[in-house]
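J.: My questions will all concern the structure given below.
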Amino acid sequence: MRAVVVTTSYPISDEDPSGHFVRSSAQELARSGAEVHVIAAGGSVLDAPSRDGELVVHRAGGGALFGWPGAVARARESPLRLLSAGPFALSVLARLRQIGPVDRAVAHWIVPCAWPLLVASPRAPLEVRAHGADVRLLLRAPRAARASIVGALLRREARFVFAAGALRDVLAGALAPEQARALLGASRVEPPAFDLPPVAERADMLRRELLQGPGERVAVVACRLIPTKRVELAIAAARAAGPGLRLVVVGDGPERAALERLARRGGPADGVSSASGGAVRFTGALPRREALAWIGAADVLLHPSSHEAAPTVIREARALGVPVIACDAGDVVAWARDDDGIVVAEGTAESLAAALRAIPSRRSDRAPAPLP
């Protein structure tokens, strides 16, 4: 069986965190016996295909828009980058012609990845995976455009896989009743696959390096530093939680400079603890294994994001046995009902701080939680 996967996000190396869940999903498909071709943003359509283990990766350009820290942030920074969406789609079509007939087609993100498969692979069974930003884009689109896109995929008998039930519900709620029923009947909810490399030894080392005295604790935020992640709430909450709490911010993005200025108001620039607590260290962007080690070193993962679907970082933290404090977004509340290691707090510094004070210091017998 030959399969093709079209995506706007795919890692350029083992340590690149971008689109690692897409890669994990494609690897699962390859392990089932399929010959898997991945068409991904970045590079150029003129680049020769490359091997990524069992996968064949074809680059299709579009990196000006579909790159870190995300298409929305990059378009906001420079609206002209939106012009690269059209050439990317045309390059995907060219790559599909080069690959030839396939037995299965998978699009990660409804837009812009599904429509080239509608055009170029009209007979192969089509699976469309919705992750969050694509659904939010459809919700902002005119009602007629939204209905047209979903209708075309339903007529093609595409199967939809939503990363979170909340995503499916909000999209169905924005459609006409008949089309909503059809969407619900053609879809399922399945959080993205991910792999978890061993990081325990490195996590213990980071923890020993960071903590200076008994009773100190570590909270980690790991995300792109963009407005919807609300890292400023994490900084304020860590400060309000009292002495002995150290906050580590793992990641980078356009909000970093403003967040560092905010952190410096409560202590020196290098994150040395102020009298009221709330020391902050910014690591910048890290290789994925190192970012996971920081999560594994934490007493708690703090995730105050306001816009999520099925946040992989929460599932990674729970797989490492790390408790999570998060805000209501996507399927987080549903997960918390089945996992007492996830605490849902209101989106205020006071509520997050109260939750932080209730998290005990890490125990050596901490066990991983079953994944949602």
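Chain labels A, B, ... are given in the sequence in which chains occur in the structure tokens; within each chain residues are numbered consecutively from 1, and ligands are likewise numbered from 1 in the order shown.
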Need to verify the contact set: segment 200-205 of chain A, 6 Å, only C-alpha atoms, exclusion of same-chain residues closer than 2 positions in sequence. Can you return it as a PyMOL selection string?
T.: chain A and resi 207-208+293-294+296-297
J.: Please produce an output containing C-alpha atoms for each residue in the selection, written as a PDB file, in the first residue's frame.
T.:
ATOM      1  CA  ARG A 207      16.854  19.608  38.787  1.00  0.00           C
ATOM      2  CA  ARG A 208      20.021  19.291  40.874  1.00  0.00           C
ATOM      3  CA  ALA A 293      13.997  16.837  30.165  1.00  0.00           C
ATOM      4  CA  TRP A 294      13.028  20.217  31.616  1.00  0.00           C
ATOM      5  CA  GLY A 296      10.605  15.852  33.532  1.00  0.00           C
ATOM      6  CA  ALA A 297      12.618  17.912  36.034  1.00  0.00           C
TER       7      ALA A 297
END
J.: With a distance cut-off of 10 Å and only C-alpha atoms, select the neighbouring residues of Ala89 of chain A, excluding the residue or stretch itself and same-chain residues fewer than 6 positions from it, and output the selection as a list in words.
T.: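 In the requested form, the answer reads Ala41, Ala60, Gly61, Gly62, Arg95, Pro112, Cys113, Ala114, Trp115, Pro116 and Leu117 of chain A.
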J.: Check segment 195-284 of chain A with DSSP on the backbone and list each residue it calls strand (DSSP E or B), as a compact mmCIF listing (two decimals) with N, CA and C atoms, in the first residue's frame.
T.:
# COMPACT_ATOMS: atom_id res chain seq x y z
N ARG A 217 10.89 24.35 44.77
CA ARG A 217 10.15 23.61 43.75
C ARG A 217 10.35 24.26 42.39
N VAL A 218 10.09 23.48 41.34
CA VAL A 218 10.26 23.96 39.96
C VAL A 218 8.93 23.84 39.22
N ALA A 219 8.50 24.94 38.63
CA ALA A 219 7.37 24.93 37.69
C ALA A 219 7.92 25.23 36.31
N VAL A 220 7.44 24.51 35.32
CA VAL A 220 7.91 24.69 33.94
C VAL A 220 6.74 25.08 33.05
N VAL A 221 6.97 26.06 32.19
CA VAL A 221 6.08 26.40 31.09
C VAL A 221 6.82 26.04 29.81
N ALA A 222 6.22 25.27 28.93
CA ALA A 222 6.87 24.87 27.69
C ALA A 222 5.92 25.13 26.53
N LEU A 245 9.67 28.92 44.86
CA LEU A 245 9.21 28.41 43.57
C LEU A 245 10.03 29.03 42.45
N ARG A 246 10.59 28.20 41.64
CA ARG A 246 11.36 28.67 40.48
C ARG A 246 10.59 28.32 39.22
N LEU A 247 10.47 29.29 38.33
CA LEU A 247 9.74 29.11 37.07
C LEU A 247 10.74 29.05 35.93
N VAL A 248 10.62 28.01 35.11
CA VAL A 248 11.46 27.87 33.92
C VAL A 248 10.55 27.96 32.70
N VAL A 249 10.86 28.90 31.79
CA VAL A 249 10.08 29.09 30.57
C VAL A 249 10.88 28.49 29.42
N VAL A 250 10.38 27.41 28.87
CA VAL A 250 11.04 26.70 27.78
C VAL A 250 10.35 27.07 26.47
N GLY A 251 11.09 27.67 25.56
CA GLY A 251 10.51 28.05 24.28
C GLY A 251 10.91 29.46 23.90
N ALA A 279 11.29 33.33 40.91
CA ALA A 279 12.44 33.41 40.01
C ALA A 279 12.06 32.85 38.65
N VAL A 280 12.55 33.46 37.57
CA VAL A 280 12.19 33.03 36.22
C VAL A 280 13.46 32.81 35.41
N ARG A 281 13.56 31.67 34.76
CA ARG A 281 14.64 31.41 33.82
C ARG A 281 14.04 31.16 32.45
N PHE A 282 14.57 31.84 31.42
CA PHE A 282 14.16 31.63 30.04
C PHE A 282 15.24 30.81 29.35
N THR A 283 14.88 29.65 28.85
CA THR A 283 15.87 28.80 28.18
C THR A 283 16.00 29.10 26.70
N GLY A 284 15.00 29.77 26.09
CA GLY A 284 14.95 29.89 24.65
C GLY A 284 14.49 28.58 24.02
J.: Residues near Ile12 of chain A, anyone? I mean within 12 Å using only C-alpha atoms, not counting same-chain ones fewer than 4 positions away, as a list in words.
T.: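 Listing them by chain and then by number gives Asp16, Pro17, Ser18, Gly19, His20, Arg23, Ala40, Ala41, Gly42, Gly43, Ser50, Arg51, Asp52, Val57, His58, Arg59, Gly63, Gly67, Trp68, Pro287 and Arg288 of chain A.
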J.: Considering only C-alpha atoms, tabulate each residue of segment 142-216 of chain A that lies at most 8 Å from segment 318-330 of chain A along with its nearest interatomic pair and the corresponding distance in Å to one decimal; arrange the rows by chain and ascending residue number and present them as a Markdown table.
T.:
| residue | atom | partner | partner_atom | distance |
| --- | --- | --- | --- | --- |
| A:Ala164 | CA | A:Gly330 | CA | 6.5 |
| A:Gly165 | CA | A:Gly330 | CA | 7.7 |
| A:Ala166 | CA | A:Gly330 | CA | 5.3 |
| A:Leu167 | CA | A:Gly330 | CA | 6.9 |
J.: Write the residues of the preceding selection, restricted to N, CA and C atoms, as a PDB file, in the first residue's frame.
T.:
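Final file, selection_21.pdb:
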ATOM      1  N   ALA A 164      -9.354  16.855  19.260  1.00  0.00           N
ATOM      2  CA  ALA A 164     -10.112  17.044  20.497  1.00  0.00           C
ATOM      3  C   ALA A 164     -11.601  17.070  20.192  1.00  0.00           C
ATOM      4  N   GLY A 165     -12.385  16.546  21.119  1.00  0.00           N
ATOM      5  CA  GLY A 165     -13.840  16.589  20.958  1.00  0.00           C
ATOM      6  C   GLY A 165     -14.361  18.007  20.911  1.00  0.00           C
ATOM      7  N   ALA A 166     -13.717  18.918  21.659  1.00  0.00           N
ATOM      8  CA  ALA A 166     -14.148  20.310  21.653  1.00  0.00           C
ATOM      9  C   ALA A 166     -14.026  20.924  20.264  1.00  0.00           C
ATOM     10  N   LEU A 167     -12.997  20.524  19.515  1.00  0.00           N
ATOM     11  CA  LEU A 167     -12.831  21.032  18.142  1.00  0.00           C
ATOM     12  C   LEU A 167     -13.990  20.583  17.260  1.00  0.00           C
TER      13      LEU A 167
END
J.: Write out as an NGL selection string which residues come within 10 Å of Ser78 of chain A when counting only C-alpha atoms, dropping same-chain ones fewer than 5 positions away.
T.: :A and (64-65 or 72-73)
J.: Only N, CA, C and O atoms, please: the residues just picked out, written as a short mmCIF file (atom, residue, chain, number, x, y, z; two decimals), in the first residue's frame.
T.:
data_model
loop_
_atom_site.label_atom_id
_atom_site.label_comp_id
_atom_site.auth_asym_id
_atom_site.auth_seq_id
_atom_site.Cartn_x
_atom_site.Cartn_y
_atom_site.Cartn_z
N ALA A 64 8.08 30.49 4.26
CA ALA A 64 7.91 31.87 4.70
C ALA A 64 6.68 32.02 5.59
O ALA A 64 6.65 32.84 6.51
N LEU A 65 5.65 31.21 5.33
CA LEU A 65 4.42 31.27 6.12
C LEU A 65 4.34 30.11 7.12
O LEU A 65 4.04 30.32 8.30
N VAL A 72 -0.04 31.72 11.95
CA VAL A 72 -0.76 32.90 12.40
C VAL A 72 0.20 33.96 12.88
O VAL A 72 0.11 35.15 12.51
N ALA A 73 1.18 33.56 13.73
CA ALA A 73 2.15 34.52 14.24
C ALA A 73 3.01 35.09 13.12
O ALA A 73 3.31 36.29 13.10
#
J.: Residues near Val102 of chain A, anyone? I mean within 12 Å using only C-alpha atoms, not counting same-chain ones fewer than 5 positions away, as a PDB file with N, CA and C atoms, in the first residue's frame.
T.:
ATOM      1  N   MET A   1       0.846  -1.200   0.000  1.00  0.00           N
ATOM      2  CA  MET A   1       0.000   0.000   0.000  1.00  0.00           C
ATOM      3  C   MET A   1       0.873   1.239   0.000  1.00  0.00           C
ATOM      4  N   ARG A   2       0.526   2.198  -0.849  1.00  0.00           N
ATOM      5  CA  ARG A   2       1.237   3.488  -0.890  1.00  0.00           C
ATOM      6  C   ARG A   2       0.338   4.539  -0.268  1.00  0.00           C
ATOM      7  N   ALA A   3       0.908   5.341   0.601  1.00  0.00           N
ATOM      8  CA  ALA A   3       0.154   6.394   1.275  1.00  0.00           C
ATOM      9  C   ALA A   3       0.905   7.706   1.149  1.00  0.00           C
ATOM     10  N   VAL A   4       0.144   8.799   1.123  1.00  0.00           N
ATOM     11  CA  VAL A   4       0.743  10.129   1.102  1.00  0.00           C
ATOM     12  C   VAL A   4       0.165  10.940   2.253  1.00  0.00           C
ATOM     13  N   VAL A   5       1.037  11.688   2.905  1.00  0.00           N
ATOM     14  CA  VAL A   5       0.663  12.566   4.012  1.00  0.00           C
ATOM     15  C   VAL A   5       1.046  13.985   3.619  1.00  0.00           C
ATOM     16  N   ALA A  34       2.798   0.241   5.125  1.00  0.00           N
ATOM     17  CA  ALA A  34       2.616   1.143   3.987  1.00  0.00           C
ATOM     18  C   ALA A  34       3.939   1.778   3.553  1.00  0.00           C
ATOM     19  N   GLU A  35       4.034   2.061   2.286  1.00  0.00           N
ATOM     20  CA  GLU A  35       5.095   2.913   1.751  1.00  0.00           C
ATOM     21  C   GLU A  35       4.588   4.350   1.890  1.00  0.00           C
ATOM     22  N   VAL A  36       5.202   5.142   2.756  1.00  0.00           N
ATOM     23  CA  VAL A  36       4.649   6.442   3.137  1.00  0.00           C
ATOM     24  C   VAL A  36       5.492   7.574   2.563  1.00  0.00           C
ATOM     25  N   HIS A  37       4.823   8.458   1.823  1.00  0.00           N
ATOM     26  CA  HIS A  37       5.434   9.683   1.313  1.00  0.00           C
ATOM     27  C   HIS A  37       4.841  10.859   2.070  1.00  0.00           C
ATOM     28  N   LEU A  96       2.495  15.639  -5.714  1.00  0.00           N
ATOM     29  CA  LEU A  96       1.545  14.533  -5.842  1.00  0.00           C
ATOM     30  C   LEU A  96       1.627  13.901  -7.229  1.00  0.00           C
ATOM     31  N   ARG A  97       1.806  14.729  -8.246  1.00  0.00           N
ATOM     32  CA  ARG A  97       1.953  14.179  -9.600  1.00  0.00           C
ATOM     33  C   ARG A  97       3.233  13.354  -9.700  1.00  0.00           C
ATOM     34  N   LEU A 117      -5.349  17.352  -2.127  1.00  0.00           N
ATOM     35  CA  LEU A 117      -5.680  15.929  -2.226  1.00  0.00           C
ATOM     36  C   LEU A 117      -7.033  15.718  -2.880  1.00  0.00           C
ATOM     37  N   ALA A 120      -5.937  16.166  -6.665  1.00  0.00           N
ATOM     38  CA  ALA A 120      -4.953  15.275  -7.282  1.00  0.00           C
ATOM     39  C   ALA A 120      -5.149  13.801  -6.945  1.00  0.00           C
ATOM     40  N   SER A 121      -5.871  13.495  -5.868  1.00  0.00           N
ATOM     41  CA  SER A 121      -6.063  12.087  -5.483  1.00  0.00           C
ATOM     42  C   SER A 121      -7.543  11.807  -5.277  1.00  0.00           C
ATOM     43  N   PRO A 122      -8.329  11.894  -6.357  1.00  0.00           N
ATOM     44  CA  PRO A 122      -9.788  11.816  -6.207  1.00  0.00           C
ATOM     45  C   PRO A 122     -10.313  10.440  -5.826  1.00  0.00           C
ATOM     46  N   ARG A 123      -9.502   9.397  -5.959  1.00  0.00           N
ATOM     47  CA  ARG A 123     -10.008   8.048  -5.712  1.00  0.00           C
ATOM     48  C   ARG A 123      -9.487   7.434  -4.415  1.00  0.00           C
ATOM     49  N   ALA A 124      -8.363   7.888  -3.939  1.00  0.00           N
ATOM     50  CA  ALA A 124      -7.796   7.297  -2.728  1.00  0.00           C
ATOM     51  C   ALA A 124      -8.623   7.680  -1.508  1.00  0.00           C
ATOM     52  N   PRO A 125      -8.867   6.752  -0.582  1.00  0.00           N
ATOM     53  CA  PRO A 125      -9.548   7.113   0.666  1.00  0.00           C
ATOM     54  C   PRO A 125      -8.819   8.267   1.355  1.00  0.00           C
ATOM     55  N   LEU A 126      -9.579   9.259   1.775  1.00  0.00           N
ATOM     56  CA  LEU A 126      -8.999  10.491   2.314  1.00  0.00           C
ATOM     57  C   LEU A 126      -9.316  10.628   3.793  1.00  0.00           C
TER      58      LEU A 126
END
J.: List as a tab-separated table (two decimals) with N, CA and C atoms, in the first residue's frame the protein and nucleic acid residues near Leu225 of chain A, meaning an atom at most 8 Å away when only C-alpha atoms are counted, but skip any in the same chain fewer than 4 places from it.
T.:
chain	number	residue	atom	x	y	z
A	229	LYS	N	-0.75	31.84	24.57
A	229	LYS	CA	-0.19	30.94	25.59
A	229	LYS	C	-0.22	31.59	26.97
A	231	VAL	N	1.78	33.36	28.88
A	231	VAL	CA	2.90	33.11	29.78
A	231	VAL	C	3.01	34.20	30.84
A	251	GLY	N	11.09	27.67	25.56
A	251	GLY	CA	10.51	28.05	24.28
A	251	GLY	C	10.91	29.46	23.90
A	252	ASP	N	10.50	29.85	22.73
A	252	ASP	CA	10.84	31.17	22.20
A	252	ASP	C	9.67	31.66	21.36
A	253	GLY	N	9.74	32.90	20.96
A	253	GLY	CA	8.67	33.46	20.15
A	253	GLY	C	8.64	34.97	20.23
A	254	PRO	N	7.73	35.59	19.52
A	254	PRO	CA	7.69	37.06	19.43
A	254	PRO	C	7.40	37.76	20.75
A	255	GLU	N	6.85	37.06	21.74
A	255	GLU	CA	6.55	37.69	23.04
A	255	GLU	C	7.71	37.60	24.02
A	256	ARG	N	8.82	37.01	23.63
A	256	ARG	CA	9.87	36.75	24.62
A	256	ARG	C	10.41	38.03	25.26
J.: Can you work out which one of A:Glu54, A:Gly341, A:Leu262, A:Ala336 has the shortest atom-to-atom distance to Val300 of chain A, counting only C-alpha atoms?
T.: A:Gly341
J.: Using DSSP assignments from the backbone, pull out every residue in segment 41-196 of chain A that falls under helix (DSSP H, G or I) and give it to me as a short mmCIF file (atom, residue, chain, number, x, y, z; two decimals) with N, CA and C atoms, in the first residue's frame.
T.:
data_model
loop_
_atom_site.label_atom_id
_atom_site.label_comp_id
_atom_site.auth_asym_id
_atom_site.auth_seq_id
_atom_site.Cartn_x
_atom_site.Cartn_y
_atom_site.Cartn_z
N ALA A 71 1.92 29.70 11.58
CA ALA A 71 1.47 30.52 10.45
C ALA A 71 0.77 31.79 10.91
N VAL A 72 -0.04 31.72 11.95
CA VAL A 72 -0.76 32.90 12.40
C VAL A 72 0.20 33.96 12.88
N ALA A 73 1.18 33.56 13.73
CA ALA A 73 2.15 34.52 14.24
C ALA A 73 3.01 35.09 13.12
N ARG A 74 3.40 34.27 12.17
CA ARG A 74 4.24 34.74 11.07
C ARG A 74 3.48 35.68 10.14
N ALA A 75 2.20 35.38 9.90
CA ALA A 75 1.38 36.27 9.06
C ALA A 75 1.12 37.59 9.77
N ARG A 76 0.95 37.54 11.09
CA ARG A 76 0.74 38.79 11.84
C ARG A 76 1.99 39.67 11.77
N GLU A 77 3.14 39.04 11.83
CA GLU A 77 4.40 39.78 11.77
C GLU A 77 4.62 40.39 10.39
N PRO A 79 2.21 40.35 6.90
CA PRO A 79 1.07 39.84 6.13
C PRO A 79 1.41 39.36 4.72
N LEU A 80 2.50 39.88 4.15
CA LEU A 80 2.88 39.44 2.81
C LEU A 80 3.22 37.96 2.76
N ARG A 81 3.52 37.38 3.91
CA ARG A 81 3.82 35.95 3.93
C ARG A 81 2.62 35.10 3.52
N LEU A 82 1.43 35.64 3.65
CA LEU A 82 0.24 34.90 3.24
C LEU A 82 0.28 34.55 1.76
N LEU A 83 1.04 35.34 0.98
CA LEU A 83 1.12 35.09 -0.46
C LEU A 83 1.80 33.76 -0.77
N SER A 84 2.52 33.19 0.19
CA SER A 84 3.21 31.92 -0.08
C SER A 84 2.27 30.72 0.05
N ALA A 85 1.04 30.93 0.53
CA ALA A 85 0.10 29.81 0.67
C ALA A 85 -0.27 29.22 -0.70
N GLY A 86 -0.51 30.10 -1.67
CA GLY A 86 -0.86 29.63 -3.02
C GLY A 86 0.25 28.81 -3.66
N PRO A 87 1.49 29.35 -3.72
CA PRO A 87 2.58 28.54 -4.28
C PRO A 87 2.81 27.22 -3.55
N PHE A 88 2.60 27.21 -2.22
CA PHE A 88 2.74 25.96 -1.47
C PHE A 88 1.73 24.93 -1.98
N ALA A 89 0.48 25.34 -2.14
CA ALA A 89 -0.55 24.41 -2.60
C ALA A 89 -0.23 23.89 -4.01
N LEU A 90 0.26 24.78 -4.87
CA LEU A 90 0.62 24.35 -6.22
C LEU A 90 1.81 23.38 -6.19
N SER A 91 2.74 23.63 -5.28
CA SER A 91 3.88 22.73 -5.15
C SER A 91 3.45 21.37 -4.63
N VAL A 92 2.47 21.35 -3.73
CA VAL A 92 1.94 20.07 -3.25
C VAL A 92 1.35 19.28 -4.43
N LEU A 93 0.61 19.98 -5.29
CA LEU A 93 0.04 19.32 -6.47
C LEU A 93 1.14 18.74 -7.35
N ALA A 94 2.23 19.50 -7.52
CA ALA A 94 3.35 19.00 -8.33
C ALA A 94 3.97 17.76 -7.70
N ARG A 95 4.15 17.79 -6.39
CA ARG A 95 4.72 16.64 -5.71
C ARG A 95 3.78 15.42 -5.83
N LEU A 96 2.50 15.64 -5.71
CA LEU A 96 1.55 14.53 -5.84
C LEU A 96 1.63 13.90 -7.23
N ARG A 97 1.81 14.73 -8.25
CA ARG A 97 1.95 14.18 -9.60
C ARG A 97 3.23 13.35 -9.70
N GLN A 98 4.31 13.82 -9.06
CA GLN A 98 5.57 13.07 -9.09
C GLN A 98 5.44 11.72 -8.38
N ILE A 99 4.72 11.70 -7.28
CA ILE A 99 4.57 10.47 -6.49
C ILE A 99 3.70 9.46 -7.23
N ILE A 110 -7.07 20.79 8.04
CA ILE A 110 -8.10 20.84 7.00
C ILE A 110 -7.71 21.81 5.91
N VAL A 111 -7.30 23.01 6.33
CA VAL A 111 -6.78 23.99 5.38
C VAL A 111 -5.35 24.34 5.82
N PRO A 112 -4.42 24.38 4.85
CA PRO A 112 -4.61 24.28 3.40
C PRO A 112 -4.31 22.90 2.83
N CYS A 113 -4.19 21.86 3.65
CA CYS A 113 -3.63 20.60 3.18
C CYS A 113 -4.61 19.66 2.50
N ALA A 114 -5.92 19.82 2.77
CA ALA A 114 -6.87 18.85 2.23
C ALA A 114 -7.20 19.08 0.76
N TRP A 115 -7.31 20.35 0.35
CA TRP A 115 -7.84 20.57 -1.00
C TRP A 115 -6.92 20.08 -2.11
N PRO A 116 -5.55 20.13 -1.99
CA PRO A 116 -4.75 19.53 -3.06
C PRO A 116 -5.03 18.04 -3.24
N LEU A 117 -5.35 17.35 -2.13
CA LEU A 117 -5.68 15.93 -2.23
C LEU A 117 -7.03 15.72 -2.88
N LEU A 118 -7.96 16.67 -2.68
CA LEU A 118 -9.24 16.59 -3.39
C LEU A 118 -9.04 16.63 -4.89
N VAL A 119 -8.08 17.47 -5.32
CA VAL A 119 -7.85 17.67 -6.75
C VAL A 119 -7.03 16.54 -7.36
N ALA A 120 -5.94 16.17 -6.66
CA ALA A 120 -4.95 15.27 -7.28
C ALA A 120 -5.15 13.80 -6.95
N ALA A 133 -5.70 25.08 14.84
CA ALA A 133 -5.60 26.34 14.11
C ALA A 133 -6.44 26.30 12.83
N ASP A 134 -6.54 25.12 12.20
CA ASP A 134 -7.33 25.00 10.98
C ASP A 134 -8.82 25.19 11.27
N VAL A 135 -9.29 24.63 12.38
CA VAL A 135 -10.70 24.80 12.75
C VAL A 135 -10.98 26.26 13.11
N ARG A 136 -10.06 26.88 13.84
CA ARG A 136 -10.26 28.30 14.18
C ARG A 136 -10.29 29.17 12.92
N LEU A 137 -9.50 28.81 11.92
CA LEU A 137 -9.52 29.55 10.66
C LEU A 137 -10.86 29.38 9.96
N LEU A 138 -11.40 28.16 9.96
CA LEU A 138 -12.71 27.93 9.36
C LEU A 138 -13.80 28.70 10.10
N LEU A 139 -13.69 28.79 11.40
CA LEU A 139 -14.70 29.52 12.17
C LEU A 139 -14.68 31.01 11.86
N ARG A 140 -13.51 31.53 11.51
CA ARG A 140 -13.41 32.96 11.17
C ARG A 140 -13.81 33.22 9.72
N ARG A 143 -19.50 32.15 6.45
CA ARG A 143 -20.28 30.92 6.61
C ARG A 143 -20.34 30.12 5.31
N ALA A 144 -20.51 30.82 4.18
CA ALA A 144 -20.61 30.11 2.90
C ALA A 144 -19.31 29.40 2.55
N ALA A 145 -18.18 30.06 2.84
CA ALA A 145 -16.89 29.44 2.55
C ALA A 145 -16.67 28.22 3.44
N ARG A 146 -17.03 28.34 4.71
CA ARG A 146 -16.88 27.22 5.64
C ARG A 146 -17.71 26.02 5.19
N ALA A 147 -18.97 26.29 4.83
CA ALA A 147 -19.86 25.22 4.38
C ALA A 147 -19.35 24.59 3.09
N SER A 148 -18.78 25.41 2.21
CA SER A 148 -18.28 24.89 0.93
C SER A 148 -17.10 23.94 1.15
N ILE A 149 -16.18 24.32 2.04
CA ILE A 149 -14.99 23.49 2.29
C ILE A 149 -15.39 22.16 2.94
N VAL A 150 -16.21 22.24 3.98
CA VAL A 150 -16.63 21.01 4.67
C VAL A 150 -17.49 20.16 3.73
N GLY A 151 -18.37 20.82 2.97
CA GLY A 151 -19.22 20.08 2.05
C GLY A 151 -18.43 19.33 0.98
N ALA A 152 -17.39 19.98 0.43
CA ALA A 152 -16.57 19.32 -0.59
C ALA A 152 -15.90 18.07 -0.02
N LEU A 153 -15.42 18.15 1.21
CA LEU A 153 -14.77 17.00 1.83
C LEU A 153 -15.78 15.89 2.14
N LEU A 154 -16.97 16.27 2.57
CA LEU A 154 -18.00 15.25 2.84
C LEU A 154 -18.44 14.56 1.56
N ARG A 155 -18.58 15.32 0.48
CA ARG A 155 -18.95 14.71 -0.81
C ARG A 155 -17.87 13.75 -1.29
N GLY A 165 -12.39 16.55 21.12
CA GLY A 165 -13.84 16.59 20.96
C GLY A 165 -14.36 18.01 20.91
N ALA A 166 -13.72 18.92 21.66
CA ALA A 166 -14.15 20.31 21.65
C ALA A 166 -14.03 20.92 20.26
N LEU A 167 -13.00 20.52 19.52
CA LEU A 167 -12.83 21.03 18.14
C LEU A 167 -13.99 20.58 17.26
N ARG A 168 -14.30 19.30 17.34
CA ARG A 168 -15.39 18.77 16.52
C ARG A 168 -16.71 19.45 16.86
N ASP A 169 -16.95 19.64 18.14
CA ASP A 169 -18.23 20.22 18.56
C ASP A 169 -18.36 21.67 18.09
N VAL A 170 -17.29 22.44 18.19
CA VAL A 170 -17.40 23.85 17.82
C VAL A 170 -17.54 24.01 16.31
N LEU A 171 -16.88 23.14 15.53
CA LEU A 171 -17.04 23.23 14.08
C LEU A 171 -18.45 22.78 13.68
N ALA A 172 -18.93 21.69 14.26
CA ALA A 172 -20.29 21.23 13.94
C ALA A 172 -21.32 22.29 14.31
N GLY A 173 -21.08 23.00 15.41
CA GLY A 173 -22.00 24.04 15.84
C GLY A 173 -22.05 25.23 14.92
N PRO A 177 -27.59 22.40 10.33
CA PRO A 177 -27.86 21.13 11.04
C PRO A 177 -27.58 19.88 10.21
N GLU A 178 -28.01 19.86 8.97
CA GLU A 178 -27.82 18.66 8.15
C GLU A 178 -26.33 18.40 7.92
N GLN A 179 -25.58 19.46 7.62
CA GLN A 179 -24.15 19.28 7.39
C GLN A 179 -23.43 18.91 8.69
N ALA A 180 -23.88 19.48 9.80
CA ALA A 180 -23.28 19.14 11.10
C ALA A 180 -23.47 17.66 11.41
N ARG A 181 -24.67 17.13 11.15
CA ARG A 181 -24.91 15.71 11.39
C ARG A 181 -24.01 14.84 10.51
N ALA A 182 -23.84 15.27 9.27
CA ALA A 182 -22.97 14.52 8.36
C ALA A 182 -21.53 14.53 8.85
N LEU A 183 -21.07 15.68 9.35
CA LEU A 183 -19.70 15.78 9.86
C LEU A 183 -19.51 14.87 11.07
N LEU A 184 -20.46 14.89 11.98
CA LEU A 184 -20.35 14.06 13.17
C LEU A 184 -20.32 12.57 12.80
N GLY A 185 -21.10 12.20 11.78
CA GLY A 185 -21.13 10.82 11.36
C GLY A 185 -19.87 10.37 10.64
#
J.: Please measure the separation of atom CA of Ala285 of chain A and atom CA of Asp195 of chain A, giving the value in Å to one decimal.
T.: 19.3 Å
J.: Measuring atom to atom with only C-alpha atoms, identify which of A:Val343, A:Ala176, A:Leu356, A:Leu46 is nearest to Ala238 of chain A.
T.: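 Ranked by minimum distance to Ala238 of chain A, first place goes to A:Leu356.
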J.: Record the distance separating atom CA of His131 of chain A and atom CA of Trp109 of chain A, expressed in Å with one decimal.
T.: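 A separation of 6.1 Å between them.
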J.: Report the distance between atom CA of Leu206 of chain A and atom CA of Asp299 of chain A in Å, rounded to one decimal place.
T.: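 Answer for the atom CA of Leu206 of chain A to atom CA of Asp299 of chain A separation: 12.3 Å.
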J.: Which residue gives the smallest distance to Leu211 of chain A among A:Gly244, A:Gly33, A:Pro191, A:Pro197, with only C-alpha atoms counted?
T.: A:Gly244
J.: Looking at only C-alpha atoms, which of A:Ile342, A:Val128, A:Leu210, A:Ala141 is the one that sits closest to Val161 of chain A?
T.: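 Closest to Val161 of chain A, using only C-alpha atoms: A:Val128.
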